[in-house]
Amino acid sequence: MATGSEAGKPAEVVLEWPKQDKKRMLHAVYRVGDLDRTIKCYTECFGMKLLRKRDVPEEKYTNAFLGFGPEDSNFALELTYNYGVDKYDIGAGFGHFAIAHEDVYKLAETIKSSSCCKITREPGPVKGGSTVIAFAPDPDGYMFELIQRGPTPEPLCQVMLRVGELDRSIMFYEKALGMKLLRKKDVPQYKYTIAMMGYAEEDKTTVLELTYNYGVTEYNKGNAYAQVAIGTDDVYKSAEAVELVTKELGGKILRQPGPLPGLNTKITSFLDPDGWKVLNELIRNEMKNN
């Protein structure tokens, strides 16, 4: 059991910060082989907006941010194109992104009529339930689950990742990042258990869906999906908490907290116990006051 931080603070003081911090899910980062093709798919098929795009020729990459609302209030998808790389291995660990929509049947028809996306699971109720869902992979193979749901301030509603020990992951995200366990569901007939983790209810924000498949303790993560970014009011206090929790549950700090060269922000990054990368970024609104 962890007893304190590097700075000598009592563990209970360090771990109080994630409970007080005003964290929120900012964006997910992943790599694509044809940026303009993916932008077209997301805007035409899914109804997202291109929020911004930037080219960094000196580092040979271009990225684009897409979502359903401004980045200072909504979750975004950060697509990265590395010059000359047109294909990536998604691996078996990444599951899907999810989009909430008021009429999944209509959305599926829009996707079918496009030239860049397709439906691989026709709209209909989930097995043993009433929620209408469908599945649509993007051109690079990233899966999108389409979930029928009433009006929501955040249509980009889930990032699903597979983990090897669910209770350990739940504890990590609770203690290190201040997330709440919104619900947990065991589905023994299909041999998996899911846990929804987040900072508000599922119909109000983007949540992390952690999936445990019975007997599977490790996954190939490939080189396509990169990380999820979570906003914080203090990257230094957040890193202290994460470092303390990693000593108990696993994972490690990858980048110590500090300013990001060339950008008006501060970050820290780390791996969770399963090796999924998470980045804590100082929320931009707070940067203006510092």
# chains A, B, ... in the order shown; residues from 1 in each chain; ligands from 1
>>> closest_atom_pairs(of="segment 29-126 of chain A", to="segment 153-157 of chain A", cutoff="8 Å", atoms="only C-alpha atoms", output="JSON lines")
{"residue": "A:Gly67", "atom": "CA", "partner": "A:Leu156", "partner_atom": "CA", "distance": 7.3}
{"residue": "A:Phe68", "atom": "CA", "partner": "A:Pro155", "partner_atom": "CA", "distance": 6.8}
{"residue": "A:Gly69", "atom": "CA", "partner": "A:Glu154", "partner_atom": "CA", "distance": 8.0}
{"residue": "A:Asn74", "atom": "CA", "partner": "A:Glu154", "partner_atom": "CA", "distance": 6.4}
{"residue": "A:Phe75", "atom": "CA", "partner": "A:Leu156", "partner_atom": "CA", "distance": 6.7}
{"residue": "A:Ala76", "atom": "CA", "partner": "A:Leu156", "partner_atom": "CA", "distance": 7.7}
{"residue": "A:Phe97", "atom": "CA", "partner": "A:Leu156", "partner_atom": "CA", "distance": 7.5}
{"residue": "A:Ala98", "atom": "CA", "partner": "A:Cys157", "partner_atom": "CA", "distance": 5.5}
{"residue": "A:Ile99", "atom": "CA", "partner": "A:Leu156", "partner_atom": "CA", "distance": 4.7}
{"residue": "A:Ala100", "atom": "CA", "partner": "A:Pro155", "partner_atom": "CA", "distance": 4.7}
{"residue": "A:His101", "atom": "CA", "partner": "A:Pro155", "partner_atom": "CA", "distance": 6.8}
>>> closest_residue(among="A:Thr193, A:Ser238, A:Thr265, A:Thr110", to="Val216 of chain A", atoms="only C-alpha atoms")
A:Thr193
>>> select_by_dssp(residues="segment 37-175 of chain A", states="strand (DSSP E)", output="ChimeraX atom specification")
/A:49-56,61-67,76-82,94-101,121-125,132-137,143-148,156-162
>>> write_last_selection(atoms="C-alpha atoms", output="PDB file, in the first residue's frame")
ATOM      1  CA  LYS A  49     -17.542  19.370 -37.533  1.00  0.00           C
ATOM      2  CA  LEU A  50     -13.925  20.042 -38.450  1.00  0.00           C
ATOM      3  CA  LEU A  51     -12.855  22.197 -35.509  1.00  0.00           C
ATOM      4  CA  ARG A  52      -9.277  22.917 -36.594  1.00  0.00           C
ATOM      5  CA  LYS A  53      -6.458  21.521 -38.688  1.00  0.00           C
ATOM      6  CA  ARG A  54      -2.741  22.172 -38.494  1.00  0.00           C
ATOM      7  CA  ASP A  55       0.264  21.044 -40.499  1.00  0.00           C
ATOM      8  CA  VAL A  56       3.656  20.671 -38.806  1.00  0.00           C
ATOM      9  CA  TYR A  61       2.748  15.344 -39.511  1.00  0.00           C
ATOM     10  CA  THR A  62      -0.679  16.961 -39.824  1.00  0.00           C
ATOM     11  CA  ASN A  63      -3.491  16.706 -37.338  1.00  0.00           C
ATOM     12  CA  ALA A  64      -7.166  17.619 -37.300  1.00  0.00           C
ATOM     13  CA  PHE A  65      -9.663  17.976 -34.478  1.00  0.00           C
ATOM     14  CA  LEU A  66     -13.270  16.924 -35.081  1.00  0.00           C
ATOM     15  CA  GLY A  67     -16.303  16.845 -32.834  1.00  0.00           C
ATOM     16  CA  ALA A  76     -12.973  15.906 -29.704  1.00  0.00           C
ATOM     17  CA  LEU A  77     -11.195  13.340 -31.840  1.00  0.00           C
ATOM     18  CA  GLU A  78      -7.633  14.315 -32.733  1.00  0.00           C
ATOM     19  CA  LEU A  79      -6.601  12.597 -35.954  1.00  0.00           C
ATOM     20  CA  THR A  80      -2.895  12.462 -36.763  1.00  0.00           C
ATOM     21  CA  TYR A  81      -1.452  11.849 -40.221  1.00  0.00           C
ATOM     22  CA  ASN A  82       2.279  11.098 -40.356  1.00  0.00           C
ATOM     23  CA  PHE A  94      -8.935  -0.789 -28.718  1.00  0.00           C
ATOM     24  CA  GLY A  95     -12.685  -1.364 -28.921  1.00  0.00           C
ATOM     25  CA  HIS A  96     -14.668   1.531 -30.339  1.00  0.00           C
ATOM     26  CA  PHE A  97     -15.801   5.115 -30.149  1.00  0.00           C
ATOM     27  CA  ALA A  98     -19.519   5.694 -29.700  1.00  0.00           C
ATOM     28  CA  ILE A  99     -21.867   8.325 -31.081  1.00  0.00           C
ATOM     29  CA  ALA A 100     -25.269   9.006 -29.541  1.00  0.00           C
ATOM     30  CA  HIS A 101     -27.991   9.898 -32.041  1.00  0.00           C
ATOM     31  CA  ARG A 121     -24.150  -4.223 -37.854  1.00  0.00           C
ATOM     32  CA  GLU A 122     -27.625  -3.166 -38.947  1.00  0.00           C
ATOM     33  CA  PRO A 123     -29.610  -0.959 -36.548  1.00  0.00           C
ATOM     34  CA  GLY A 124     -31.676  -2.858 -34.023  1.00  0.00           C
ATOM     35  CA  PRO A 125     -32.078  -3.566 -30.305  1.00  0.00           C
ATOM     36  CA  VAL A 132     -31.081   0.462 -30.591  1.00  0.00           C
ATOM     37  CA  ILE A 133     -27.475   0.290 -31.808  1.00  0.00           C
ATOM     38  CA  ALA A 134     -25.515  -0.141 -35.020  1.00  0.00           C
ATOM     39  CA  PHE A 135     -21.813  -0.406 -35.883  1.00  0.00           C
ATOM     40  CA  ALA A 136     -19.879   1.439 -38.579  1.00  0.00           C
ATOM     41  CA  PRO A 137     -16.110   1.208 -39.126  1.00  0.00           C
ATOM     42  CA  MET A 143     -15.131   0.995 -35.065  1.00  0.00           C
ATOM     43  CA  PHE A 144     -17.929   3.409 -34.201  1.00  0.00           C
ATOM     44  CA  GLU A 145     -20.923   2.234 -32.195  1.00  0.00           C
ATOM     45  CA  LEU A 146     -24.065   4.222 -32.954  1.00  0.00           C
ATOM     46  CA  ILE A 147     -26.390   4.417 -29.937  1.00  0.00           C
ATOM     47  CA  GLN A 148     -29.972   5.634 -30.094  1.00  0.00           C
ATOM     48  CA  LEU A 156     -19.324  11.595 -28.764  1.00  0.00           C
ATOM     49  CA  CYS A 157     -20.281   9.515 -25.776  1.00  0.00           C
ATOM     50  CA  GLN A 158     -17.792   6.640 -25.326  1.00  0.00           C
ATOM     51  CA  VAL A 159     -14.206   5.493 -25.740  1.00  0.00           C
ATOM     52  CA  MET A 160     -14.042   1.725 -25.245  1.00  0.00           C
ATOM     53  CA  LEU A 161     -10.797   0.007 -24.235  1.00  0.00           C
ATOM     54  CA  ARG A 162     -10.213  -3.609 -23.220  1.00  0.00           C
TER      55      ARG A 162
END
>>> residues_around(residues="Lys221 of chain A", least_positions_apart="6", cutoff="9 Å", atoms="only C-alpha atoms", output="ChimeraX atom specification")
/A:89-94,275-276
>>> residues_around(residues="segment 178-187 of chain A", least_positions_apart="4", cutoff="8 Å", atoms="only C-alpha atoms", output="PDB file with C-alpha atoms, in the first residue's frame")
ATOM      1  CA  PRO A  18      -8.295  13.990  -7.858  1.00  0.00           C
ATOM      2  CA  LYS A  19     -11.535  14.244  -5.861  1.00  0.00           C
ATOM      3  CA  ASP A  21     -10.012  18.638  -9.394  1.00  0.00           C
ATOM      4  CA  LYS A  23     -11.288  17.185 -14.649  1.00  0.00           C
ATOM      5  CA  ILE A 170     -11.693   0.794 -11.919  1.00  0.00           C
ATOM      6  CA  TYR A 173      -9.225   5.585 -12.651  1.00  0.00           C
ATOM      7  CA  GLU A 174     -11.088   6.352  -9.434  1.00  0.00           C
ATOM      8  CA  LYS A 191     -18.243 -13.931 -21.062  1.00  0.00           C
ATOM      9  CA  TYR A 192     -17.474 -10.258 -20.545  1.00  0.00           C
ATOM     10  CA  THR A 193     -17.957  -7.483 -17.987  1.00  0.00           C
ATOM     11  CA  ILE A 194     -18.030  -3.736 -18.658  1.00  0.00           C
ATOM     12  CA  ALA A 195     -17.537  -0.710 -16.425  1.00  0.00           C
ATOM     13  CA  MET A 196     -18.496   2.833 -17.392  1.00  0.00           C
ATOM     14  CA  MET A 197     -16.175   5.441 -15.877  1.00  0.00           C
ATOM     15  CA  GLY A 198     -16.554   9.204 -16.129  1.00  0.00           C
ATOM     16  CA  TYR A 199     -17.085  12.625 -14.593  1.00  0.00           C
ATOM     17  CA  ALA A 200     -20.838  12.926 -15.210  1.00  0.00           C
ATOM     18  CA  GLU A 201     -23.737  10.708 -16.230  1.00  0.00           C
ATOM     19  CA  GLU A 202     -23.501   8.793 -19.497  1.00  0.00           C
TER      20      GLU A 202
END
>>> select_by_dssp(residues="segment 121-230 of chain A", states="alpha helix (DSSP H)", output="list in words")
Leu166, Asp167, Arg168, Ser169, Ile170, Met171, Phe172, Tyr173, Glu174, Lys175, Ala176 and Leu177 of chain A
>>> residues_around(residues="Lys118 of chain A", least_positions_apart="4", cutoff="9 Å", atoms="only C-alpha atoms", output="number ranges by chain")
A: 108, 111-114, 135-139
>>> closest_residue(among="A:Ala176, A:Lys204, A:Thr43, A:Gly250", to="Asn280 of chain A", atoms="only C-alpha atoms")
A:Ala176
>>> closest_residue(among="A:Asp274, A:Phe46, A:Val29, A:Tyr190", to="Asn220 of chain A", atoms="only C-alpha atoms")
A:Asp274
>>> residues_around(residues="Lys252 of chain A", least_positions_apart="4", cutoff="7 Å", atoms="only C-alpha atoms", output="JSON, numbers by chain")
{"A": [243, 246, 270, 271, 272]}
>>> write_last_selection(atoms="N, CA and C atoms", output="PDB file, in the first residue's frame")
ATOM      1  N   GLU A 243       1.389   9.183  -9.809  1.00  0.00           N
ATOM      2  CA  GLU A 243       2.614   8.471  -9.447  1.00  0.00           C
ATOM      3  C   GLU A 243       2.409   7.628  -8.194  1.00  0.00           C
ATOM      4  N   THR A 246       0.249   4.550  -9.183  1.00  0.00           N
ATOM      5  CA  THR A 246       0.967   3.554  -9.990  1.00  0.00           C
ATOM      6  C   THR A 246       1.825   2.636  -9.123  1.00  0.00           C
ATOM      7  N   PHE A 270       1.137   9.467 -18.792  1.00  0.00           N
ATOM      8  CA  PHE A 270       1.428   8.238 -18.052  1.00  0.00           C
ATOM      9  C   PHE A 270       0.706   7.058 -18.684  1.00  0.00           C
ATOM     10  N   LEU A 271       1.082   5.867 -18.256  1.00  0.00           N
ATOM     11  CA  LEU A 271       0.415   4.633 -18.662  1.00  0.00           C
ATOM     12  C   LEU A 271      -0.419   4.121 -17.499  1.00  0.00           C
ATOM     13  N   ASP A 272      -1.602   3.595 -17.818  1.00  0.00           N
ATOM     14  CA  ASP A 272      -2.407   2.958 -16.784  1.00  0.00           C
ATOM     15  C   ASP A 272      -1.883   1.525 -16.590  1.00  0.00           C
TER      16      ASP A 272
END
>>> atom_distance(atom1="atom CA of Leu15 of chain A", atom2="atom CA of Lys175 of chain A")
6.7 Å
>>> atom_distance(atom1="atom CA of Lys127 of chain A", atom2="atom CA of Tyr212 of chain A")
18.3 Å
>>> atom_distance(atom1="atom CA of Ala239 of chain A", atom2="atom CA of Lys277 of chain A")
13.6 Å
